[in-house]
Amino acid sequence: MGTGFVNLSFWALSTIALVLAPTTTLSQPAPVAKAQEPGKSLYKTKYRVIDVHIHGGAPRQEAVAAEIEVMDCAGIIAAINLDGGRSDETLAAAIKLEKKHAGRFLTFAKFTKKDFARVREPKFFDGLVRELERAAKLGIHGIKIWKDLGMWIEDGPGKRLRLDDPRLDPFWAKCGELRLLVLIHTADPKEYWYPLTYNSLHYGSRTEDDQMYRVPGMPRWEDLIAQRDTVIKKHPKTTFIGAHFGSMTFDLQGLAQRLDRYPNFYVESSARLRILGHLNPKAVCDFFVKYQDRILFGSDGFVLIGGYKPGRDKRNVLVYPLDDEDRLSVDGKDAKVVRCWKDGQVGMYSSYFEYFETDRLDLVEPGSFGAGWLRLAGAKLPPEVLEKFYHANAERLIPGLDRLWLYNRPLKSASERSP
Ligand SMILES: [Zn+2]
């Protein structure tokens, strides 16, 4: 395990923390700050929601059943599992699951560090394109590119493989040709590239060791974003969805420039309310109104499948790679653990919806994380914008998705749904 796996999405930690905390339920106070404050009722949305960013790996049946219960309860009609994996590993199982629960899950193949291990072999880049073709044949709807491309994957000793390396051009082009969406996570919040200070929004949830400026050879944040921009510009026939507001939440003006410049660029909303909720809510609302056709709802939620044992090098526990010996497995049949996880996930969705739909000033960050002292100001988006953001944009980008949901059980009304 390289240092690349130290700085991972903080949702992972929150999910596992909830799973591991045996007494954390909505009816009992939790020992740490969490998404749903004790005694506070859940916020229910009345809209149909598609979550374009969840992590599912190849979970067991009981985990899938639990996920569907969470989705039904929160009002999530369909979710995109970004962890489909490779055609010779977990992908076929993930697609099988998708077919079994038609309309609830969509599968994206994932390309991470492991898939680039043979980058120095002569036919490697051809192989990547072939893998895309195999995965498309199996029935994927898109691919996920993780931030380790650009930040951690090496092309030689100490030399990072760039996103805009010309050898990757056939790969990006093929995604467009096969009509595969590219959900691309590049870089991270810019603040991670600077020392933490007491007034940082991330204070208490990261340590100085997690900050990127300390990593030898780590490209500058600006360079990573520029690499991504080059790829988007060079491949106008390929549709890119920037994960986590394209890592530009703190600078909506900069993000607006990209959206203006690249019609094939979209963003999704997961895991950045900590930053978004501290901008002027009126400015956030204006941004959503202006770019209402370009923003999709994503949560970064995790299906119940396990994580890493907490430890010094694995503070940010995560569910992959699945073969790691330090992986912790969660007993999906343990009702208490499952209940705990479900409460956490439903609470996470509740916090998201309350932020997007209300103008309350005392909102908590979705998920459960260390910076529990933060309070966010809701953006209160107009109904017609919410309709696009929550589902219509995803339905437009993924052909057939608008019809698939009709096959699902009709959703109960918001008031009928309970955790
Ligand atoms: Zn994620």
# chains A, B, ... in the order shown; residues from 1 in each chain; ligands from 1
$ residues_near_ligand --ligand "ligand 1" --cutoff "7 Å" --atoms "only C-alpha atoms and all ligand atoms" --output "CSV table (one decimal) with C-alpha atoms, in the first residue's frame"
chain,number,residue,atom,x,y,z
A,9,SER,CA,-12.7,10.0,0.4
A,53,HIS,CA,-22.2,8.3,-7.1
A,54,ILE,CA,-22.3,5.3,-4.8
A,55,HIS,CA,-19.7,2.7,-4.0
A,300,ASP,CA,-20.7,9.1,-2.3
$ residues_around --residues "Pro383 (chain A)" --least-positions-apart "3" --cutoff "12 Å" --atoms "only C-alpha atoms" --output "PDB file with C-alpha atoms, in the first residue's frame"
ATOM      1  CA  THR A  45     -37.738  14.795  -0.109  1.00  0.00           C
ATOM      2  CA  LYS A  46     -40.820  14.577  -2.269  1.00  0.00           C
ATOM      3  CA  TYR A  47     -38.765  14.381  -5.448  1.00  0.00           C
ATOM      4  CA  ARG A  48     -37.583  11.362  -7.372  1.00  0.00           C
ATOM      5  CA  CYS A 285     -28.536  28.943  -5.634  1.00  0.00           C
ATOM      6  CA  PHE A 288     -27.445  25.962  -9.681  1.00  0.00           C
ATOM      7  CA  VAL A 289     -30.065  28.010 -11.517  1.00  0.00           C
ATOM      8  CA  GLN A 292     -29.307  23.619 -13.923  1.00  0.00           C
ATOM      9  CA  PHE A 356     -30.586  21.602  -1.219  1.00  0.00           C
ATOM     10  CA  GLU A 357     -34.248  22.231  -0.374  1.00  0.00           C
ATOM     11  CA  THR A 358     -34.274  24.548   2.652  1.00  0.00           C
ATOM     12  CA  LYS A 380     -32.984  26.278  -1.140  1.00  0.00           C
ATOM     13  CA  LEU A 386     -34.300  20.326  -8.147  1.00  0.00           C
ATOM     14  CA  GLU A 387     -36.176  18.217 -10.704  1.00  0.00           C
ATOM     15  CA  LYS A 388     -33.271  18.492 -13.133  1.00  0.00           C
ATOM     16  CA  PHE A 389     -30.535  18.152 -10.536  1.00  0.00           C
ATOM     17  CA  TYR A 390     -32.125  15.172  -8.764  1.00  0.00           C
TER      18      TYR A 390
END
$ residues_around --residues "region 189-195 of chain A" --least-positions-apart "2" --cutoff "7 Å" --atoms "only C-alpha atoms" --output "PDB file with N, CA and C atoms, in the first residue's frame"
ATOM      1  N   THR A 197      -4.927  25.141   8.895  1.00  0.00           N
ATOM      2  CA  THR A 197      -4.901  26.181   9.916  1.00  0.00           C
ATOM      3  C   THR A 197      -6.124  25.995  10.805  1.00  0.00           C
ATOM      4  N   GLU A 208      -1.909  17.109   9.283  1.00  0.00           N
ATOM      5  CA  GLU A 208      -0.911  17.734   8.406  1.00  0.00           C
ATOM      6  C   GLU A 208      -0.314  16.695   7.441  1.00  0.00           C
ATOM      7  N   GLN A 211      -1.920  16.302   4.095  1.00  0.00           N
ATOM      8  CA  GLN A 211      -1.906  17.418   3.136  1.00  0.00           C
ATOM      9  C   GLN A 211      -0.941  17.134   1.993  1.00  0.00           C
ATOM     10  N   MET A 212      -1.373  17.491   0.794  1.00  0.00           N
ATOM     11  CA  MET A 212      -0.648  17.105  -0.423  1.00  0.00           C
ATOM     12  C   MET A 212       0.696  17.820  -0.592  1.00  0.00           C
ATOM     13  N   TYR A 213       0.825  18.992  -0.007  1.00  0.00           N
ATOM     14  CA  TYR A 213       2.092  19.714  -0.213  1.00  0.00           C
ATOM     15  C   TYR A 213       3.257  18.955   0.409  1.00  0.00           C
ATOM     16  N   TRP A 221      -2.077  21.440  -7.510  1.00  0.00           N
ATOM     17  CA  TRP A 221      -3.515  21.322  -7.748  1.00  0.00           C
ATOM     18  C   TRP A 221      -3.865  21.904  -9.117  1.00  0.00           C
ATOM     19  N   SER A 247     -13.828  19.155  -8.117  1.00  0.00           N
ATOM     20  CA  SER A 247     -12.824  19.641  -7.150  1.00  0.00           C
ATOM     21  C   SER A 247     -12.709  21.168  -7.154  1.00  0.00           C
ATOM     22  N   MET A 248     -13.767  21.853  -7.536  1.00  0.00           N
ATOM     23  CA  MET A 248     -13.712  23.316  -7.599  1.00  0.00           C
ATOM     24  C   MET A 248     -14.823  23.974  -6.787  1.00  0.00           C
TER      25      MET A 248
END
$ closest_residue --among "A:Ile143, A:Ile225, A:Ala379, A:Met71" --to "Phe353 (chain A)" --atoms "only C-alpha atoms"
A:Ala379
$ closest_residue --among "A:Leu42, A:Leu91, A:Ile275, A:Leu224" --to "Ser200 (chain A)" --atoms "only C-alpha atoms"
A:Ile275
$ atom_distance --atom1 "CA of His235 (chain A)" --atom2 "CA of Pro399 (chain A)"
20.4 Å
$ closest_residue --among "A:Lys333, A:Arg167, A:Lys100, A:Arg86" --to "Val231 (chain A)" --atoms "only C-alpha atoms"
A:Arg167
$ closest_residue --among "A:Ala117, A:Ala271, A:Ala79, A:Ala173" --to "Asp155 (chain A)" --atoms "only C-alpha atoms"
A:Ala117
$ select_by_dssp --residues "region 34-279 of chain A" --states "helix (DSSP H, G or I)" --output "MDAnalysis selection string"
chainID A and resid 61:74 91:100 113:116 124:138 148:151 166:177 190:193 208:210 212:214 221:234 243:246 252:261 273:276
$ atom_distance --atom1 "CA of Leu180 (chain A)" --atom2 "CA of Phe302 (chain A)"
22.7 Å
$ residues_around --residues "Gly298 (chain A)" --least-positions-apart "2" --cutoff "7 Å" --atoms "only C-alpha atoms" --output "list of chain:residue names"
A:Asp51, A:Val52, A:His53, A:Glu268, A:Ser269, A:Ser270, A:Leu296, A:Asp300
$ closest_residue --among "A:Gly150, A:Gly75, A:Pro170, A:Gly242" --to "Val346 (chain A)" --atoms "only C-alpha atoms"
A:Gly75
$ select_by_dssp --residues "region 42-123 of chain A" --states "strand (DSSP E)" --output "list in words"
Val49, Ile50, Asp51, Val52, His53, Ile54, His55, Ile76, Ile77, Ala78, Ala79, Ile80, Asn81, Phe105, Leu106, Thr107, Phe108, Ala109, Lys110 and Phe111 of chain A
$ write_last_selection --atoms "C-alpha atoms" --output "PDB file, in the first residue's frame"
ATOM      1  CA  VAL A  49     -33.820  11.117  -6.919  1.00  0.00           C
ATOM      2  CA  ILE A  50     -31.093   9.338  -8.847  1.00  0.00           C
ATOM      3  CA  ASP A  51     -27.789   9.073  -6.997  1.00  0.00           C
ATOM      4  CA  VAL A  52     -24.961   9.022  -9.548  1.00  0.00           C
ATOM      5  CA  HIS A  53     -22.181   8.318  -7.053  1.00  0.00           C
ATOM      6  CA  ILE A  54     -22.292   5.331  -4.754  1.00  0.00           C
ATOM      7  CA  HIS A  55     -19.694   2.677  -3.964  1.00  0.00           C
ATOM      8  CA  ILE A  76     -33.613   7.171  -4.192  1.00  0.00           C
ATOM      9  CA  ILE A  77     -35.089   5.605  -7.272  1.00  0.00           C
ATOM     10  CA  ALA A  78     -31.782   4.488  -8.797  1.00  0.00           C
ATOM     11  CA  ALA A  79     -28.099   4.617  -7.942  1.00  0.00           C
ATOM     12  CA  ILE A  80     -24.940   4.324 -10.001  1.00  0.00           C
ATOM     13  CA  ASN A  81     -22.462   1.875  -8.556  1.00  0.00           C
ATOM     14  CA  PHE A 105     -28.601   0.079  -9.914  1.00  0.00           C
ATOM     15  CA  LEU A 106     -26.483   1.042 -12.877  1.00  0.00           C
ATOM     16  CA  THR A 107     -22.914  -0.115 -13.175  1.00  0.00           C
ATOM     17  CA  PHE A 108     -19.769   1.778 -14.062  1.00  0.00           C
ATOM     18  CA  ALA A 109     -16.445   0.017 -14.574  1.00  0.00           C
ATOM     19  CA  LYS A 110     -13.621   1.409 -12.524  1.00  0.00           C
ATOM     20  CA  PHE A 111     -10.035   2.137 -13.466  1.00  0.00           C
TER      21      PHE A 111
END
$ residues_around --residues "Lys159 (chain A)" --least-positions-apart "4" --cutoff "12 Å" --atoms "only C-alpha atoms" --output "ChimeraX atom specification"
/A:119-120,149-155,216-219
$ atom_distance --atom1 "CA of Lys174 (chain A)" --atom2 "CA of Val129 (chain A)"
6.9 Å
$ residues_around --residues "region 362-366 of chain A" --least-positions-apart "2" --cutoff "6 Å" --atoms "only C-alpha atoms" --output "list in words"
Ala35, Met348, Ser351, Tyr352, Arg360, Arg375 and Leu376 of chain A
$ write_last_selection --atoms "N, CA and C atoms" --output "short mmCIF file (atom, residue, chain, number, x, y, z; two decimals), in the first residue's frame"
data_model
loop_
_atom_site.label_atom_id
_atom_site.label_comp_id
_atom_site.auth_asym_id
_atom_site.auth_seq_id
_atom_site.Cartn_x
_atom_site.Cartn_y
_atom_site.Cartn_z
N ALA A 35 -24.34 12.84 11.15
CA ALA A 35 -25.19 13.54 10.19
C ALA A 35 -26.52 13.93 10.80
N MET A 348 -27.69 10.49 6.07
CA MET A 348 -26.86 11.20 5.08
C MET A 348 -27.73 11.82 3.99
N SER A 351 -29.67 14.81 5.21
CA SER A 351 -28.86 16.03 5.32
C SER A 351 -28.63 16.68 3.95
N TYR A 352 -28.40 15.84 2.94
CA TYR A 352 -28.24 16.40 1.59
C TYR A 352 -29.51 17.15 1.16
N ARG A 360 -32.37 26.69 5.89
CA ARG A 360 -31.96 26.65 7.29
C ARG A 360 -30.47 26.97 7.43
N ARG A 375 -21.56 24.03 10.77
CA ARG A 375 -22.98 24.17 10.45
C ARG A 375 -23.09 24.85 9.09
N LEU A 376 -24.02 24.36 8.28
CA LEU A 376 -24.12 24.84 6.90
C LEU A 376 -25.40 25.64 6.67
#
